[in-house]
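Chemist: Got a file for you: input-v4.txt, compact mmCIF, N, CA and C atoms.
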# COMPACT_ATOMS: atom_id res chain seq x y z
N ASP Z 1 121.62 46.50 -85.62
CA ASP Z 1 121.75 45.17 -86.18
C ASP Z 1 122.23 44.23 -85.08
N VAL Z 2 121.29 43.74 -84.32
CA VAL Z 2 121.58 42.93 -83.14
C VAL Z 2 122.30 41.63 -83.49
N LEU Z 3 121.83 40.92 -84.50
CA LEU Z 3 122.46 39.64 -84.83
C LEU Z 3 123.92 39.81 -85.22
N ARG Z 4 124.20 40.78 -86.06
CA ARG Z 4 125.58 40.98 -86.50
C ARG Z 4 126.47 41.41 -85.33
N ALA Z 5 125.95 42.22 -84.43
CA ALA Z 5 126.73 42.68 -83.28
C ALA Z 5 127.00 41.55 -82.29
N ARG Z 6 126.04 40.64 -82.14
CA ARG Z 6 126.16 39.61 -81.11
C ARG Z 6 126.64 38.25 -81.63
N VAL Z 7 126.64 38.08 -82.96
CA VAL Z 7 127.14 36.85 -83.55
C VAL Z 7 128.14 37.24 -84.63
N PRO Z 8 129.36 37.55 -84.23
CA PRO Z 8 130.36 37.97 -85.21
C PRO Z 8 130.54 36.93 -86.31
N GLY Z 9 130.64 37.39 -87.53
CA GLY Z 9 130.83 36.49 -88.65
C GLY Z 9 129.55 36.02 -89.32
N ILE Z 10 128.40 36.25 -88.67
CA ILE Z 10 127.15 35.83 -89.29
C ILE Z 10 127.00 36.56 -90.63
N GLU Z 11 126.53 35.84 -91.63
CA GLU Z 11 126.30 36.44 -92.93
C GLU Z 11 124.81 36.67 -93.10
N LEU Z 12 124.42 37.92 -93.25
CA LEU Z 12 123.02 38.28 -93.45
C LEU Z 12 122.80 38.60 -94.92
N TYR Z 13 121.63 38.26 -95.44
CA TYR Z 13 121.33 38.49 -96.85
C TYR Z 13 120.09 39.38 -96.96
N GLY Z 14 120.06 40.17 -98.00
CA GLY Z 14 118.93 41.06 -98.23
C GLY Z 14 119.22 42.45 -97.74
N PRO Z 15 118.24 43.33 -97.84
CA PRO Z 15 118.44 44.72 -97.41
C PRO Z 15 118.79 44.78 -95.92
N MET Z 16 119.69 45.65 -95.56
CA MET Z 16 120.07 45.80 -94.15
C MET Z 16 119.12 46.73 -93.41
N SER Z 17 118.41 47.57 -94.12
CA SER Z 17 117.47 48.49 -93.50
C SER Z 17 116.22 47.74 -93.05
N ALA Z 18 115.85 47.90 -91.79
CA ALA Z 18 114.65 47.23 -91.27
C ALA Z 18 113.40 47.66 -92.03
N ASP Z 19 113.38 48.88 -92.51
CA ASP Z 19 112.23 49.36 -93.28
C ASP Z 19 112.04 48.57 -94.57
N LEU Z 20 113.13 48.15 -95.18
CA LEU Z 20 113.07 47.41 -96.42
C LEU Z 20 113.00 45.90 -96.21
N ARG Z 21 113.61 45.44 -95.14
CA ARG Z 21 113.70 44.00 -94.89
C ARG Z 21 112.40 43.41 -94.39
N GLY Z 22 111.74 44.08 -93.50
CA GLY Z 22 110.61 43.46 -92.82
C GLY Z 22 111.12 42.53 -91.74
N GLY Z 23 110.35 41.51 -91.41
CA GLY Z 23 110.73 40.63 -90.31
C GLY Z 23 111.44 39.36 -90.72
N VAL Z 24 111.80 39.23 -91.99
CA VAL Z 24 112.43 37.99 -92.47
C VAL Z 24 113.93 38.22 -92.61
N VAL Z 25 114.72 37.36 -91.95
CA VAL Z 25 116.17 37.53 -91.95
C VAL Z 25 116.85 36.23 -92.37
N PRO Z 26 117.24 36.13 -93.66
CA PRO Z 26 118.01 34.98 -94.08
C PRO Z 26 119.48 35.15 -93.67
N PHE Z 27 120.10 34.05 -93.24
CA PHE Z 27 121.48 34.14 -92.76
C PHE Z 27 122.20 32.82 -92.91
N ASN Z 28 123.51 32.88 -92.77
CA ASN Z 28 124.36 31.69 -92.70
C ASN Z 28 125.45 31.92 -91.67
N LEU Z 29 125.91 30.85 -91.09
CA LEU Z 29 127.11 30.87 -90.26
C LEU Z 29 128.20 30.22 -91.12
N PRO Z 30 129.24 30.95 -91.43
CA PRO Z 30 130.28 30.42 -92.33
C PRO Z 30 130.81 29.05 -91.88
N GLY Z 31 130.87 28.13 -92.83
CA GLY Z 31 131.41 26.81 -92.55
C GLY Z 31 130.43 25.83 -91.94
N ILE Z 32 129.20 26.26 -91.68
CA ILE Z 32 128.20 25.38 -91.09
C ILE Z 32 126.99 25.35 -92.02
N HIS Z 33 126.58 24.18 -92.45
CA HIS Z 33 125.45 24.09 -93.36
C HIS Z 33 124.18 24.59 -92.66
N PRO Z 34 123.36 25.35 -93.36
CA PRO Z 34 122.13 25.90 -92.76
C PRO Z 34 121.20 24.84 -92.17
N HIS Z 35 121.14 23.66 -92.76
CA HIS Z 35 120.30 22.61 -92.19
C HIS Z 35 120.84 22.15 -90.84
N ASP Z 36 122.16 22.13 -90.69
CA ASP Z 36 122.76 21.80 -89.40
C ASP Z 36 122.45 22.89 -88.37
N VAL Z 37 122.54 24.14 -88.79
CA VAL Z 37 122.20 25.25 -87.90
C VAL Z 37 120.76 25.10 -87.42
N ALA Z 38 119.85 24.83 -88.33
CA ALA Z 38 118.43 24.68 -87.97
C ALA Z 38 118.23 23.52 -86.99
N GLN Z 39 118.94 22.43 -87.21
CA GLN Z 39 118.79 21.27 -86.33
C GLN Z 39 119.30 21.56 -84.92
N VAL Z 40 120.43 22.26 -84.82
CA VAL Z 40 120.96 22.62 -83.51
C VAL Z 40 120.00 23.57 -82.81
N LEU Z 41 119.50 24.57 -83.52
CA LEU Z 41 118.57 25.51 -82.91
C LEU Z 41 117.31 24.81 -82.43
N ASP Z 42 116.86 23.80 -83.17
CA ASP Z 42 115.67 23.05 -82.78
C ASP Z 42 115.85 22.40 -81.41
N ARG Z 43 117.07 21.97 -81.11
CA ARG Z 43 117.36 21.39 -79.78
C ARG Z 43 117.06 22.37 -78.66
N PHE Z 44 117.16 23.67 -78.96
CA PHE Z 44 116.92 24.72 -77.97
C PHE Z 44 115.50 25.27 -78.07
N GLY Z 45 114.67 24.63 -78.88
CA GLY Z 45 113.29 25.08 -79.03
C GLY Z 45 113.15 26.31 -79.90
N ILE Z 46 114.14 26.56 -80.75
CA ILE Z 46 114.13 27.72 -81.63
C ILE Z 46 113.84 27.24 -83.05
N ALA Z 47 112.79 27.76 -83.63
CA ALA Z 47 112.38 27.33 -84.97
C ALA Z 47 112.86 28.34 -86.01
N VAL Z 48 113.67 27.86 -86.93
CA VAL Z 48 114.05 28.62 -88.12
C VAL Z 48 113.81 27.70 -89.30
N ARG Z 49 113.78 28.26 -90.48
CA ARG Z 49 113.67 27.45 -91.69
C ARG Z 49 115.02 27.40 -92.35
N ALA Z 50 115.31 26.30 -93.01
CA ALA Z 50 116.55 26.18 -93.77
C ALA Z 50 116.20 25.65 -95.15
N GLY Z 51 116.85 26.19 -96.15
CA GLY Z 51 116.60 25.73 -97.51
C GLY Z 51 116.75 26.87 -98.50
N HIS Z 52 115.99 26.76 -99.60
CA HIS Z 52 116.06 27.77 -100.65
C HIS Z 52 114.98 28.84 -100.52
N HIS Z 53 113.96 28.61 -99.72
CA HIS Z 53 112.89 29.58 -99.46
C HIS Z 53 112.27 30.11 -100.75
N CYS Z 54 112.07 29.23 -101.72
CA CYS Z 54 111.48 29.59 -103.02
C CYS Z 54 112.33 30.58 -103.80
N THR Z 55 113.62 30.61 -103.52
CA THR Z 55 114.53 31.51 -104.24
C THR Z 55 115.75 30.74 -104.74
N MET Z 56 115.53 29.55 -105.25
CA MET Z 56 116.66 28.74 -105.70
C MET Z 56 117.53 29.44 -106.75
N PRO Z 57 116.96 30.14 -107.73
CA PRO Z 57 117.84 30.84 -108.68
C PRO Z 57 118.75 31.87 -108.00
N LEU Z 58 118.24 32.56 -107.00
CA LEU Z 58 119.07 33.52 -106.27
C LEU Z 58 120.17 32.80 -105.49
N HIS Z 59 119.82 31.70 -104.85
CA HIS Z 59 120.83 30.93 -104.13
C HIS Z 59 121.92 30.44 -105.07
N GLU Z 60 121.52 29.97 -106.24
CA GLU Z 60 122.51 29.52 -107.22
C GLU Z 60 123.40 30.69 -107.66
N ARG Z 61 122.80 31.84 -107.91
CA ARG Z 61 123.58 33.01 -108.34
C ARG Z 61 124.57 33.45 -107.27
N LEU Z 62 124.16 33.34 -105.99
CA LEU Z 62 125.04 33.71 -104.88
C LEU Z 62 125.96 32.56 -104.46
N ASP Z 63 125.84 31.42 -105.14
CA ASP Z 63 126.63 30.23 -104.84
C ASP Z 63 126.43 29.77 -103.39
N LEU Z 64 125.17 29.71 -102.99
CA LEU Z 64 124.82 29.28 -101.64
C LEU Z 64 124.05 27.97 -101.73
N PRO Z 65 124.43 26.96 -100.93
CA PRO Z 65 123.68 25.71 -100.96
C PRO Z 65 122.28 25.89 -100.37
N ALA Z 66 122.15 26.83 -99.45
CA ALA Z 66 120.90 27.12 -98.77
C ALA Z 66 121.16 28.28 -97.80
N THR Z 67 120.12 28.74 -97.14
CA THR Z 67 120.27 29.70 -96.04
C THR Z 67 119.33 29.28 -94.92
N ALA Z 68 119.62 29.75 -93.74
CA ALA Z 68 118.68 29.62 -92.63
C ALA Z 68 117.88 30.92 -92.62
N ARG Z 69 116.67 30.87 -92.11
CA ARG Z 69 115.85 32.08 -92.10
C ARG Z 69 115.08 32.17 -90.80
N ALA Z 70 115.30 33.28 -90.11
CA ALA Z 70 114.54 33.58 -88.90
C ALA Z 70 113.47 34.59 -89.27
N SER Z 71 112.33 34.49 -88.65
CA SER Z 71 111.24 35.43 -88.89
C SER Z 71 110.86 36.10 -87.58
N PHE Z 72 110.77 37.41 -87.64
CA PHE Z 72 110.43 38.21 -86.46
C PHE Z 72 109.12 38.94 -86.72
N ASN Z 73 108.35 39.16 -85.66
CA ASN Z 73 107.09 39.87 -85.79
C ASN Z 73 106.84 40.63 -84.50
N VAL Z 74 105.69 41.24 -84.39
CA VAL Z 74 105.39 42.08 -83.22
C VAL Z 74 105.40 41.27 -81.93
N TYR Z 75 105.16 39.97 -82.01
CA TYR Z 75 105.14 39.14 -80.82
C TYR Z 75 106.52 38.62 -80.42
N THR Z 76 107.55 38.87 -81.23
CA THR Z 76 108.90 38.45 -80.90
C THR Z 76 109.42 39.29 -79.74
N THR Z 77 109.91 38.62 -78.71
CA THR Z 77 110.42 39.32 -77.54
C THR Z 77 111.95 39.38 -77.56
N ARG Z 78 112.47 40.22 -76.71
CA ARG Z 78 113.94 40.29 -76.56
C ARG Z 78 114.48 38.94 -76.11
N ALA Z 79 113.73 38.24 -75.27
CA ALA Z 79 114.14 36.91 -74.82
C ALA Z 79 114.23 35.94 -76.00
N ASP Z 80 113.33 36.07 -76.98
CA ASP Z 80 113.38 35.23 -78.18
C ASP Z 80 114.67 35.49 -78.95
N ILE Z 81 115.03 36.74 -79.09
CA ILE Z 81 116.26 37.11 -79.81
C ILE Z 81 117.48 36.63 -79.04
N ASP Z 82 117.46 36.79 -77.72
CA ASP Z 82 118.57 36.30 -76.90
C ASP Z 82 118.73 34.79 -77.05
N ALA Z 83 117.61 34.07 -77.10
CA ALA Z 83 117.66 32.61 -77.26
C ALA Z 83 118.24 32.24 -78.63
N LEU Z 84 117.86 32.97 -79.66
CA LEU Z 84 118.42 32.72 -81.00
C LEU Z 84 119.92 32.94 -80.99
N VAL Z 85 120.36 34.03 -80.41
CA VAL Z 85 121.80 34.33 -80.34
C VAL Z 85 122.53 33.23 -79.57
N SER Z 86 122.00 32.82 -78.43
CA SER Z 86 122.62 31.76 -77.63
C SER Z 86 122.70 30.46 -78.42
N GLY Z 87 121.62 30.13 -79.11
CA GLY Z 87 121.61 28.91 -79.92
C GLY Z 87 122.61 28.96 -81.05
N LEU Z 88 122.74 30.11 -81.70
CA LEU Z 88 123.72 30.26 -82.77
C LEU Z 88 125.14 30.10 -82.24
N ARG Z 89 125.40 30.68 -81.08
CA ARG Z 89 126.73 30.54 -80.47
C ARG Z 89 127.02 29.09 -80.11
N GLU Z 90 126.03 28.39 -79.58
CA GLU Z 90 126.22 26.98 -79.24
C GLU Z 90 126.47 26.16 -80.50
N GLY Z 91 125.76 26.46 -81.57
CA GLY Z 91 125.99 25.77 -82.83
C GLY Z 91 127.40 25.99 -83.34
N GLU Z 92 127.87 27.23 -83.24
CA GLU Z 92 129.25 27.52 -83.65
C GLU Z 92 130.24 26.72 -82.82
N LYS Z 93 130.04 26.67 -81.51
CA LYS Z 93 130.94 25.91 -80.65
C LYS Z 93 130.95 24.43 -81.04
N LEU Z 94 129.77 23.89 -81.24
CA LEU Z 94 129.65 22.48 -81.57
C LEU Z 94 130.37 22.14 -82.87
N PHE Z 95 130.15 22.93 -83.92
CA PHE Z 95 130.74 22.61 -85.21
C PHE Z 95 132.21 23.02 -85.30
N ARG Z 96 132.61 24.02 -84.57
CA ARG Z 96 134.03 24.41 -84.57
C ARG Z 96 134.85 23.35 -83.84
N ALA Z 97 134.28 22.79 -82.77
CA ALA Z 97 134.99 21.76 -82.00
C ALA Z 97 135.13 20.48 -82.83
N ALA Z 98 134.16 20.23 -83.71
CA ALA Z 98 134.17 19.01 -84.53
C ALA Z 98 135.14 19.13 -85.71
N SER Z 99 135.55 20.36 -86.06
CA SER Z 99 136.42 20.49 -87.24
C SER Z 99 137.88 20.55 -86.89
So that I can check it, write out the structure of this file as structure tokens.
Modeler:
Amino acid sequence: DVLRARVPGIELYGPMSADLRGGVVPFNLPGIHPHDVAQVLDRFGIAVRAGHHCTMPLHERLDLPATARASFNVYTTRADIDALVSGLREGEKLFRAAS
């Protein structure tokens, strides 16, 4: 679980097993709205989606305003994952400094 190991505190949703999850990883950084996370990542050229992802009833049940979602596939490289991790860390720094 690379994201959890490299971004302490990240909240991942869904099955933890890669066999069950597939390439879609919904997540949140505690205290930072997912739309803000997506906007910061966009500055680094990293595209994620933020919102309800057609699962609004689930988001309501989990009391989540939204989630960010990264998608991985066979063409995703280690450099892509490293860039996502770096962008998430930068987002944390930016929003932690502002609070």
Chemist: Between atom CA of Gly9 of chain Z and atom CA of Ala79 of chain Z, what is the spacing in Å?
Modeler: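 Spanning atom CA of Ala79 of chain Z to atom CA of Gly9 of chain Z is a straight-line distance of 21.7 Å.
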Chemist: Box for segment 22-38 of chain Z: with edges along x, y and z, all listed atoms inside and 4 Å added on each side, what are the centre and edge lengths in Å to one decimal, as JSON?
Modeler:
{"center_x": 120.9, "center_y": 32.9, "center_z": -90.5, "size_x": 29.1, "size_y": 30.3, "size_z": 15.1}
Chemist: Per DSSP on the backbone, filter segment 34-78 of chain Z down to the residues in strand (DSSP E) and report them as a list of chain:residue names.
Modeler: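 The strand (DSSP E) residues within segment 34-78 of chain Z come out as Z:Arg49, Z:Ala50, Z:Gly51, Z:Thr67, Z:Ala68, Z:Arg69, Z:Ala70, Z:Ser71.
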Chemist: Name the residues in contact with segment 31-41 of chain Z at a cut-off of 7 Å, using only N, CA and C atoms, excluding same-chain residues fewer than 6 positions from it; report them as a PyMOL selection string.
Modeler: chain Z and resi 47-51+66-68+87-88+91+95
Chemist: For the atom pair atom CA of Ile10 of chain Z and atom CA of Asn28 of chain Z, what is the interatomic distance in Å to one decimal place?
Modeler: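 One can read the atom CA of Ile10 of chain Z to atom CA of Asn28 of chain Z distance as 6.0 Å.
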Chemist: Counting all atoms listed in the file, figure out which residue out of Z:Arg89, Z:Arg61, Z:His53, Z:Arg69 gets nearest to Val7 of chain Z.
Modeler: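 When distances to Val7 of chain Z are compared using all atoms listed in the file, the smallest one comes from Z:Arg89.
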Chemist: Determine the nearest neighbour of Gly45 of chain Z from the options Z:Lys93, Z:Pro30, Z:Thr77, Z:Ala83, counting only N, CA and C atoms.
Modeler: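 Ranking Z:Lys93, Z:Pro30, Z:Thr77, Z:Ala83 by distance to Gly45 of chain Z, first place goes to Z:Ala83.
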Chemist: Using all atoms listed in the file, can you tell me which of Z:Ala70, Z:Ser86, Z:Pro8, Z:Ala98 comes closest to Phe27 of chain Z?
Modeler: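 Ranking Z:Ala70, Z:Ser86, Z:Pro8, Z:Ala98 by distance to Phe27 of chain Z, first place goes to Z:Ala70.
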Chemist: Let me make sure I understand: among Z:Leu94, Z:Arg6, Z:Ser71, Z:Cys54, which one has the smallest atom-to-atom distance to Pro26 of chain Z if we use all atoms listed in the file?
Modeler: Z:Ser71
Chemist: Just checking: using only C-alpha atoms, which residue out of Z:Leu84, Z:Phe44, Z:Tyr13, Z:Asp1 ends up closest to His59 of chain Z?
Modeler: Z:Tyr13
Chemist: Using atom CA of Leu12 of chain Z and atom CA of Val25 of chain Z as the two end points, give the distance in Å to one decimal.
Modeler: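 So the answer is 7.1 Å.
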Chemist: Could you check the closest approach to Arg4 of chain Z for each of Z:Val85, Z:Gly23, Z:Val74, Z:Pro57 and tell me which residue wins, using only C-alpha atoms?
Modeler: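 Checking each candidate against Arg4 of chain Z, we get Z:Val85 as the closest.
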Chemist: Would you please give, as a list of chain:residue names, all residues of segment 11-79 of chain Z that DSSP assigns to alpha helix (DSSP H) based on the backbone?
Modeler: Z:Ala18, Z:Asp19, Z:Leu20, Z:Arg21, Z:Pro34, Z:His35, Z:Asp36, Z:Val37, Z:Ala38, Z:Gln39, Z:Val40, Z:Leu41, Z:Asp42, Z:Arg43, Z:Met56, Z:Pro57, Z:Leu58, Z:His59, Z:Glu60, Z:Arg61, Z:Arg78, Z:Ala79
Chemist: Next, dump the selected residues to file, keeping only N, CA and C atoms, as a PDB file, keeping the file's coordinate frame.
Modeler:
ATOM      1  N   ALA Z  18     115.850  47.900 -91.790  1.00  0.00           N
ATOM      2  CA  ALA Z  18     114.650  47.230 -91.270  1.00  0.00           C
ATOM      3  C   ALA Z  18     113.400  47.660 -92.030  1.00  0.00           C
ATOM      4  N   ASP Z  19     113.380  48.880 -92.510  1.00  0.00           N
ATOM      5  CA  ASP Z  19     112.230  49.360 -93.280  1.00  0.00           C
ATOM      6  C   ASP Z  19     112.040  48.570 -94.570  1.00  0.00           C
ATOM      7  N   LEU Z  20     113.130  48.150 -95.180  1.00  0.00           N
ATOM      8  CA  LEU Z  20     113.070  47.410 -96.420  1.00  0.00           C
ATOM      9  C   LEU Z  20     113.000  45.900 -96.210  1.00  0.00           C
ATOM     10  N   ARG Z  21     113.610  45.440 -95.140  1.00  0.00           N
ATOM     11  CA  ARG Z  21     113.700  44.000 -94.890  1.00  0.00           C
ATOM     12  C   ARG Z  21     112.400  43.410 -94.390  1.00  0.00           C
ATOM     13  N   PRO Z  34     123.360  25.350 -93.360  1.00  0.00           N
ATOM     14  CA  PRO Z  34     122.130  25.900 -92.760  1.00  0.00           C
ATOM     15  C   PRO Z  34     121.200  24.840 -92.170  1.00  0.00           C
ATOM     16  N   HIS Z  35     121.140  23.660 -92.760  1.00  0.00           N
ATOM     17  CA  HIS Z  35     120.300  22.610 -92.190  1.00  0.00           C
ATOM     18  C   HIS Z  35     120.840  22.150 -90.840  1.00  0.00           C
ATOM     19  N   ASP Z  36     122.160  22.130 -90.690  1.00  0.00           N
ATOM     20  CA  ASP Z  36     122.760  21.800 -89.400  1.00  0.00           C
ATOM     21  C   ASP Z  36     122.450  22.890 -88.370  1.00  0.00           C
ATOM     22  N   VAL Z  37     122.540  24.140 -88.790  1.00  0.00           N
ATOM     23  CA  VAL Z  37     122.200  25.250 -87.900  1.00  0.00           C
ATOM     24  C   VAL Z  37     120.760  25.100 -87.420  1.00  0.00           C
ATOM     25  N   ALA Z  38     119.850  24.830 -88.330  1.00  0.00           N
ATOM     26  CA  ALA Z  38     118.430  24.680 -87.970  1.00  0.00           C
ATOM     27  C   ALA Z  38     118.230  23.520 -86.990  1.00  0.00           C
ATOM     28  N   GLN Z  39     118.940  22.430 -87.210  1.00  0.00           N
ATOM     29  CA  GLN Z  39     118.790  21.270 -86.330  1.00  0.00           C
ATOM     30  C   GLN Z  39     119.300  21.560 -84.920  1.00  0.00           C
ATOM     31  N   VAL Z  40     120.430  22.260 -84.820  1.00  0.00           N
ATOM     32  CA  VAL Z  40     120.960  22.620 -83.510  1.00  0.00           C
ATOM     33  C   VAL Z  40     120.000  23.570 -82.810  1.00  0.00           C
ATOM     34  N   LEU Z  41     119.500  24.570 -83.520  1.00  0.00           N
ATOM     35  CA  LEU Z  41     118.570  25.510 -82.910  1.00  0.00           C
ATOM     36  C   LEU Z  41     117.310  24.810 -82.430  1.00  0.00           C
ATOM     37  N   ASP Z  42     116.860  23.800 -83.170  1.00  0.00           N
ATOM     38  CA  ASP Z  42     115.670  23.050 -82.780  1.00  0.00           C
ATOM     39  C   ASP Z  42     115.850  22.400 -81.410  1.00  0.00           C
ATOM     40  N   ARG Z  43     117.070  21.970 -81.110  1.00  0.00           N
ATOM     41  CA  ARG Z  43     117.360  21.390 -79.780  1.00  0.00           C
ATOM     42  C   ARG Z  43     117.060  22.370 -78.660  1.00  0.00           C
ATOM     43  N   MET Z  56     115.530  29.550-105.250  1.00  0.00           N
ATOM     44  CA  MET Z  56     116.660  28.740-105.700  1.00  0.00           C
ATOM     45  C   MET Z  56     117.530  29.440-106.750  1.00  0.00           C
ATOM     46  N   PRO Z  57     116.960  30.140-107.730  1.00  0.00           N
ATOM     47  CA  PRO Z  57     117.840  30.840-108.680  1.00  0.00           C
ATOM     48  C   PRO Z  57     118.750  31.870-108.000  1.00  0.00           C
ATOM     49  N   LEU Z  58     118.240  32.560-107.000  1.00  0.00           N
ATOM     50  CA  LEU Z  58     119.070  33.520-106.270  1.00  0.00           C
ATOM     51  C   LEU Z  58     120.170  32.800-105.490  1.00  0.00           C
ATOM     52  N   HIS Z  59     119.820  31.700-104.850  1.00  0.00           N
ATOM     53  CA  HIS Z  59     120.830  30.930-104.130  1.00  0.00           C
ATOM     54  C   HIS Z  59     121.920  30.440-105.070  1.00  0.00           C
ATOM     55  N   GLU Z  60     121.520  29.970-106.240  1.00  0.00           N
ATOM     56  CA  GLU Z  60     122.510  29.520-107.220  1.00  0.00           C
ATOM     57  C   GLU Z  60     123.400  30.690-107.660  1.00  0.00           C
ATOM     58  N   ARG Z  61     122.800  31.840-107.910  1.00  0.00           N
ATOM     59  CA  ARG Z  61     123.580  33.010-108.340  1.00  0.00           C
ATOM     60  C   ARG Z  61     124.570  33.450-107.270  1.00  0.00           C
ATOM     61  N   ARG Z  78     112.470  40.220 -76.710  1.00  0.00           N
ATOM     62  CA  ARG Z  78     113.940  40.290 -76.560  1.00  0.00           C
ATOM     63  C   ARG Z  78     114.480  38.940 -76.110  1.00  0.00           C
ATOM     64  N   ALA Z  79     113.730  38.240 -75.270  1.00  0.00           N
ATOM     65  CA  ALA Z  79     114.140  36.910 -74.820  1.00  0.00           C
ATOM     66  C   ALA Z  79     114.230  35.940 -76.000  1.00  0.00           C
TER      67      ALA Z  79
END
Chemist: Hey, could you patch up segment 24-31 of chain Z with all heavy atoms and hand it over as an mmCIF file, in the coordinates of the input?
Modeler:
data_model
loop_
_atom_site.group_PDB
_atom_site.id
_atom_site.type_symbol
_atom_site.label_atom_id
_atom_site.label_comp_id
_atom_site.auth_asym_id
_atom_site.auth_seq_id
_atom_site.Cartn_x
_atom_site.Cartn_y
_atom_site.Cartn_z
ATOM 1 N N VAL Z 24 111.800 39.230 -91.990
ATOM 2 C CA VAL Z 24 112.430 37.990 -92.470
ATOM 3 C C VAL Z 24 113.930 38.220 -92.610
ATOM 4 O O VAL Z 24 114.365 39.144 -93.287
ATOM 5 C CB VAL Z 24 111.820 37.569 -93.833
ATOM 6 C CG1 VAL Z 24 112.509 36.336 -94.364
ATOM 7 C CG2 VAL Z 24 110.325 37.338 -93.674
ATOM 8 N N VAL Z 25 114.720 37.360 -91.950
ATOM 9 C CA VAL Z 25 116.170 37.530 -91.950
ATOM 10 C C VAL Z 25 116.850 36.230 -92.370
ATOM 11 O O VAL Z 25 117.019 35.311 -91.567
ATOM 12 C CB VAL Z 25 116.683 37.965 -90.553
ATOM 13 C CG1 VAL Z 25 118.189 38.150 -90.563
ATOM 14 C CG2 VAL Z 25 115.976 39.228 -90.087
ATOM 15 N N PRO Z 26 117.240 36.130 -93.660
ATOM 16 C CA PRO Z 26 118.010 34.980 -94.080
ATOM 17 C C PRO Z 26 119.480 35.150 -93.670
ATOM 18 O O PRO Z 26 120.016 36.252 -93.737
ATOM 19 C CB PRO Z 26 117.868 34.955 -95.601
ATOM 20 C CG PRO Z 26 117.341 36.282 -95.988
ATOM 21 C CD PRO Z 26 116.858 36.978 -94.761
ATOM 22 N N PHE Z 27 120.100 34.050 -93.240
ATOM 23 C CA PHE Z 27 121.480 34.140 -92.760
ATOM 24 C C PHE Z 27 122.200 32.820 -92.910
ATOM 25 O O PHE Z 27 121.586 31.774 -93.127
ATOM 26 C CB PHE Z 27 121.499 34.575 -91.279
ATOM 27 C CG PHE Z 27 120.911 33.553 -90.334
ATOM 28 C CD1 PHE Z 27 121.716 32.599 -89.746
ATOM 29 C CD2 PHE Z 27 119.553 33.551 -90.048
ATOM 30 C CE1 PHE Z 27 121.184 31.648 -88.880
ATOM 31 C CE2 PHE Z 27 119.005 32.621 -89.184
ATOM 32 C CZ PHE Z 27 119.818 31.666 -88.600
ATOM 33 N N ASN Z 28 123.510 32.880 -92.770
ATOM 34 C CA ASN Z 28 124.360 31.690 -92.700
ATOM 35 C C ASN Z 28 125.450 31.920 -91.670
ATOM 36 O O ASN Z 28 125.856 33.064 -91.430
ATOM 37 C CB ASN Z 28 125.016 31.382 -94.053
ATOM 38 C CG ASN Z 28 124.115 30.591 -94.965
ATOM 39 O OD1 ASN Z 28 123.332 29.766 -94.517
ATOM 40 N ND2 ASN Z 28 124.207 30.853 -96.260
ATOM 41 N N LEU Z 29 125.910 30.850 -91.090
ATOM 42 C CA LEU Z 29 127.110 30.870 -90.260
ATOM 43 C C LEU Z 29 128.200 30.220 -91.120
ATOM 44 O O LEU Z 29 128.056 29.059 -91.517
ATOM 45 C CB LEU Z 29 126.914 30.073 -88.966
ATOM 46 C CG LEU Z 29 125.908 30.641 -87.980
ATOM 47 C CD1 LEU Z 29 125.748 29.699 -86.785
ATOM 48 C CD2 LEU Z 29 126.329 32.018 -87.506
ATOM 49 N N PRO Z 30 129.240 30.950 -91.430
ATOM 50 C CA PRO Z 30 130.280 30.420 -92.330
ATOM 51 C C PRO Z 30 130.810 29.050 -91.880
ATOM 52 O O PRO Z 30 131.083 28.838 -90.696
ATOM 53 C CB PRO Z 30 131.382 31.474 -92.274
ATOM 54 C CG PRO Z 30 130.668 32.730 -91.908
ATOM 55 C CD PRO Z 30 129.552 32.293 -90.979
ATOM 56 N N GLY Z 31 130.870 28.130 -92.830
ATOM 57 C CA GLY Z 31 131.410 26.810 -92.550
ATOM 58 C C GLY Z 31 130.430 25.830 -91.940
ATOM 59 O O GLY Z 31 130.789 24.682 -91.687
#
